[in-house]
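Worksheet: the structure to be examined is printed underneath.
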Amino acid sequence: MSTDEELRDLVTSGRAVLGIELGSTRIKACLIGDDPSEVIASGGFEWENELVDGYWTYSLDAVWTGLRAAYAELVASIRSRLGVVSTSFAALGVSAMMHGYLAFDSDGELLVPFRTWRNTTTGAAAEELTGLFGVNIPLRWSIAHLHQAVLDREAHVGRIRSFTTLAGYVHRALTGRNVLGIGDASGMFPIDPATRHYDAELVARYDSLATASGLGTGLRELLPEILVAGSDAGRLTAEGAALLDPSGTLQPGTLLCPPEGDAGTGMVATNAIAPRTGNVSAGTSIFAMVVLERPLAGLHREIDIVTTPVGDPVAMVHCNNGASELAAWVGLFQRFAQVSGARADSDAVYELLFREALDGAADAGGLLAYNQVAGEPIAGVDEGRPLVVRTPESRLTLAVLMRAQLYGVFATLALGMRVLADEGVALDRMYAHGGLFRTAGVAQRFLAAALDAQVSTTGTASEGGAWGMAVLAAYAASGAGPSLDGTAHVGTVHVGTARVGQSLADYLRERVFADIRLVTADPDPADVAGFAAYLDRYRDGLDVVRAAVAVL
């Protein structure tokens with residue numbers, strides 16, 4: 001661990017590295033130093049999406065309010081701990097929720113409110129594009145949102161001159177460059193693994209389909225430029241610095257790495273970017289990423305193919321619904337504690353309830369918890385109807401209820417993962433990250449049961465994607481990363497020691513995770529059998545959820 005004096009020098013000399021991630025419920029900033037595994041300070045801001053005119057969205061005003069607040073809290077934390085302020089950084093990186101739709105005109109004005117990954121209004125477009133491309137195009141992908149607007153002949157379509165993701169939008173505002181990291185770009189449009197660019201043949205197919213429908217510009221001209229991890233993605237401009245820090249303390253000039261999606265930062269944060277590794281990220285949504293050794297044999301609607309931040313193919317099982325319904329139940333019990341006169345903060349209530357779940361029956365005692373706040377394509381549910389269902393003979397206890405709720409977080413994910421297992425996809429280790437895993441030994445244990453696989457977490461698991469993004473920024477600043485043509489992008493400030501041309505996998509293994517202790521849970525046979533029984537009932541009971549959508 002660095003001394004405070006060492007950290008003061010690191011911060012005031014501009015050698016620290018900043019990662020920012022805009023998650024679905026929290027915007028977080030994370031500062032690291034010469035040792036990427038050491039978090040110096042962090043800041044955050046809570047926010048929520050809104051359902052406006054039938055679309056889940058966040059306003060751009062909320063984006064910047066949240067970013068400024070998270071950055072200000074980080075600055076205050078540095079000042080409180082070290083008595084100094086940052087005026088620049090060795091590097092900075094921005095990550096955000098993948099997919100979605102931010103469309104702009106020639107003047108850079110947003111044409112329609114941001115449509116997030118959570119929207120399930122793109123069914124017709126996704127179906128048509130999957131048939132056209134011969135690869136699965138999920139509802140949440142950016143190209144599905146664009147094509148649905150084309151199909152619906154929305155008035156703004158003819159004025160579109162660019163579209164991007166949330167991370168791409170923020171990065172462009174900070175640097176003036178319209179670029180994306182390849183992992184985030186792979187959730188906009190399919191990537192050719194040979195060229196590590198958008199698949200040129202599929203772009204041509206789409207242009208033939210869409211230009212006759214009012215899209216006035218070829219698709220390639222609308223999409224952001226792709227960069228791989230380690231690339232120089234621009235410098236913080238004066239305008240960008242003022243957006244992030246209106247006080248004027250932050251100066252322009254900081255190197256930015258390619259903006260990435262939360263899936264990519266999750267892979268980095270868990271050291272799961274090599275073949276036969278995978279990770280699970282649990283938040284408002286939950287998804288698993290498995291780095292592939294070979295292409296899948298067939299098209300599966302439960303699986304979409306994205307990439308690591310260096311462009312290697314990844315099978316992604318993405319569920320729109322994660323821990324939101326669980327959080328609602330925790331909030332209910334927290335309020336009960338408050339009105340009962342007990343003093344219990346949110347973390348303490350989570351800890352108590354998660355520990356209680358360990359005493360619940362291995363199969364959740366006949367209870368089923370459906371966490372569909374929004375539509376869930378993998379489960380075949382068009383809209384959200386959260387439910388708790390039980391038969392008269394099942395026992396309703398707190399322990400059983402909480403185990404059912406935790407199982408419910410992982411159930412739809414498990415349905416998709418069983419498709420990969422049937423494909424013979426090999427997995428040496430699964431890593432997990434996100435706030436759900438802060439209570440040691442509970443959610444991790446149940447995830448191991450759901451996947452029937454070893455699950456590991458690290459001490460950085462709760463830091464999540466903001467820390468992963470900071471690591472990607474440090475990699476760019478180190479000068480190690482190769483470009484698409486094999487040449488090195490050498491940063492102006494070197495963070496730590498790295499070899500020129502060092503792969504991201506080697507950088508993570510040698511510089512970041514060499515001394516990080518893993519906490520590993522092996523699948524308990526009783527839990528595995530109990531979860532399997534739960535999942536069978538869960539699958540059979542999905543008709544109950546569909547009926548609720550139809551009648552409620």
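In the structure tokens, chains take the letters A, B, ... in the order shown, each chain's residues start at 1, and ligands count up from 1 in the order shown.
Shell of Ser142 in chain A at 10 Å, with only C-alpha atoms counted and residues fewer than 2 places along the chain excluded, is Met98, His99, Gly100, Tyr101, Leu102, Ala103, Arg115, Thr116, Trp117, Thr122, Ile137, Pro138, Leu139, Arg140, Ala144, His145, Leu146, His147, Gln148, Phe163, Thr164, Thr165, Ala185, Ser186, Gly187, Met188, Phe189 and Leu223 of chain A.
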Can you pull out every residue within 6 Å of Gly416 in chain A, counting only C-alpha atoms, but drop anything in the same chain fewer than 2 positions away, and send it as number ranges by chain?
-> A: 302, 317, 413-414, 418-419
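Counting only C-alpha atoms, the residue from A:Arg546, A:Arg335, A:Arg220, A:Arg445 that sits nearest to Arg161 in chain A is A:Arg220.
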Could you pull out the strand (DSSP E or B) residues of range 289-528 of chain A from DSSP and send them as a VMD selection string?
-> chain A and resid 289 to 291 304 to 307 313 to 319 368 to 370 376 381 387 to 389 429 to 433 455 to 458 482 488 518 to 521
Those residues you just picked out, can you put them in a file as an mmCIF file, in the first residue's frame with C-alpha atoms?
```cif
data_model
loop_
_atom_site.group_PDB
_atom_site.id
_atom_site.type_symbol
_atom_site.label_atom_id
_atom_site.label_comp_id
_atom_site.auth_asym_id
_atom_site.auth_seq_id
_atom_site.Cartn_x
_atom_site.Cartn_y
_atom_site.Cartn_z
ATOM 1 C CA MET A 289 -19.734 -13.129 -20.694
ATOM 2 C CA VAL A 290 -17.797 -16.189 -21.826
ATOM 3 C CA VAL A 291 -14.694 -15.717 -24.009
ATOM 4 C CA ASP A 304 -25.406 -12.661 -28.709
ATOM 5 C CA ILE A 305 -21.808 -12.412 -29.861
ATOM 6 C CA VAL A 306 -19.876 -9.361 -28.733
ATOM 7 C CA THR A 307 -16.142 -8.887 -28.085
ATOM 8 C CA PRO A 313 -15.331 -13.052 -29.629
ATOM 9 C CA VAL A 314 -17.478 -13.389 -26.509
ATOM 10 C CA ALA A 315 -20.777 -15.173 -25.977
ATOM 11 C CA MET A 316 -23.053 -12.902 -23.980
ATOM 12 C CA VAL A 317 -26.143 -13.946 -22.052
ATOM 13 C CA HIS A 318 -27.884 -10.681 -21.218
ATOM 14 C CA CYS A 319 -30.967 -10.429 -19.018
ATOM 15 C CA LEU A 368 -40.919 -18.769 -7.089
ATOM 16 C CA ALA A 369 -39.739 -15.179 -7.437
ATOM 17 C CA TYR A 370 -40.005 -13.550 -10.850
ATOM 18 C CA GLU A 376 -37.288 -10.242 -20.646
ATOM 19 C CA VAL A 381 -41.842 -12.084 -21.444
ATOM 20 C CA LEU A 387 -44.406 -11.833 -8.976
ATOM 21 C CA VAL A 388 -43.970 -14.095 -5.972
ATOM 22 C CA VAL A 389 -45.832 -17.371 -6.522
ATOM 23 C CA ARG A 429 -13.465 -20.243 -14.103
ATOM 24 C CA MET A 430 -16.327 -17.771 -13.724
ATOM 25 C CA TYR A 431 -15.693 -14.442 -12.043
ATOM 26 C CA ALA A 432 -18.369 -12.242 -10.514
ATOM 27 C CA HIS A 433 -18.570 -8.550 -9.717
ATOM 28 C CA VAL A 455 -17.224 -18.686 -9.001
ATOM 29 C CA SER A 456 -14.518 -16.269 -7.832
ATOM 30 C CA THR A 457 -14.630 -12.688 -6.633
ATOM 31 C CA THR A 458 -11.910 -10.220 -5.713
ATOM 32 C CA PRO A 482 -1.223 -2.554 -29.797
ATOM 33 C CA ALA A 488 2.004 0.479 -30.416
ATOM 34 C CA LEU A 518 -9.404 -14.427 -5.085
ATOM 35 C CA VAL A 519 -12.306 -15.610 -2.952
ATOM 36 C CA THR A 520 -13.673 -18.750 -4.591
ATOM 37 C CA ALA A 521 -16.926 -20.620 -4.041
#
```
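Shortest separation to Glu50 in chain A among A:Gly331, A:Gly93, A:Pro246, A:Pro113 occurs at residue A:Pro113, atoms counted being only C-alpha atoms.
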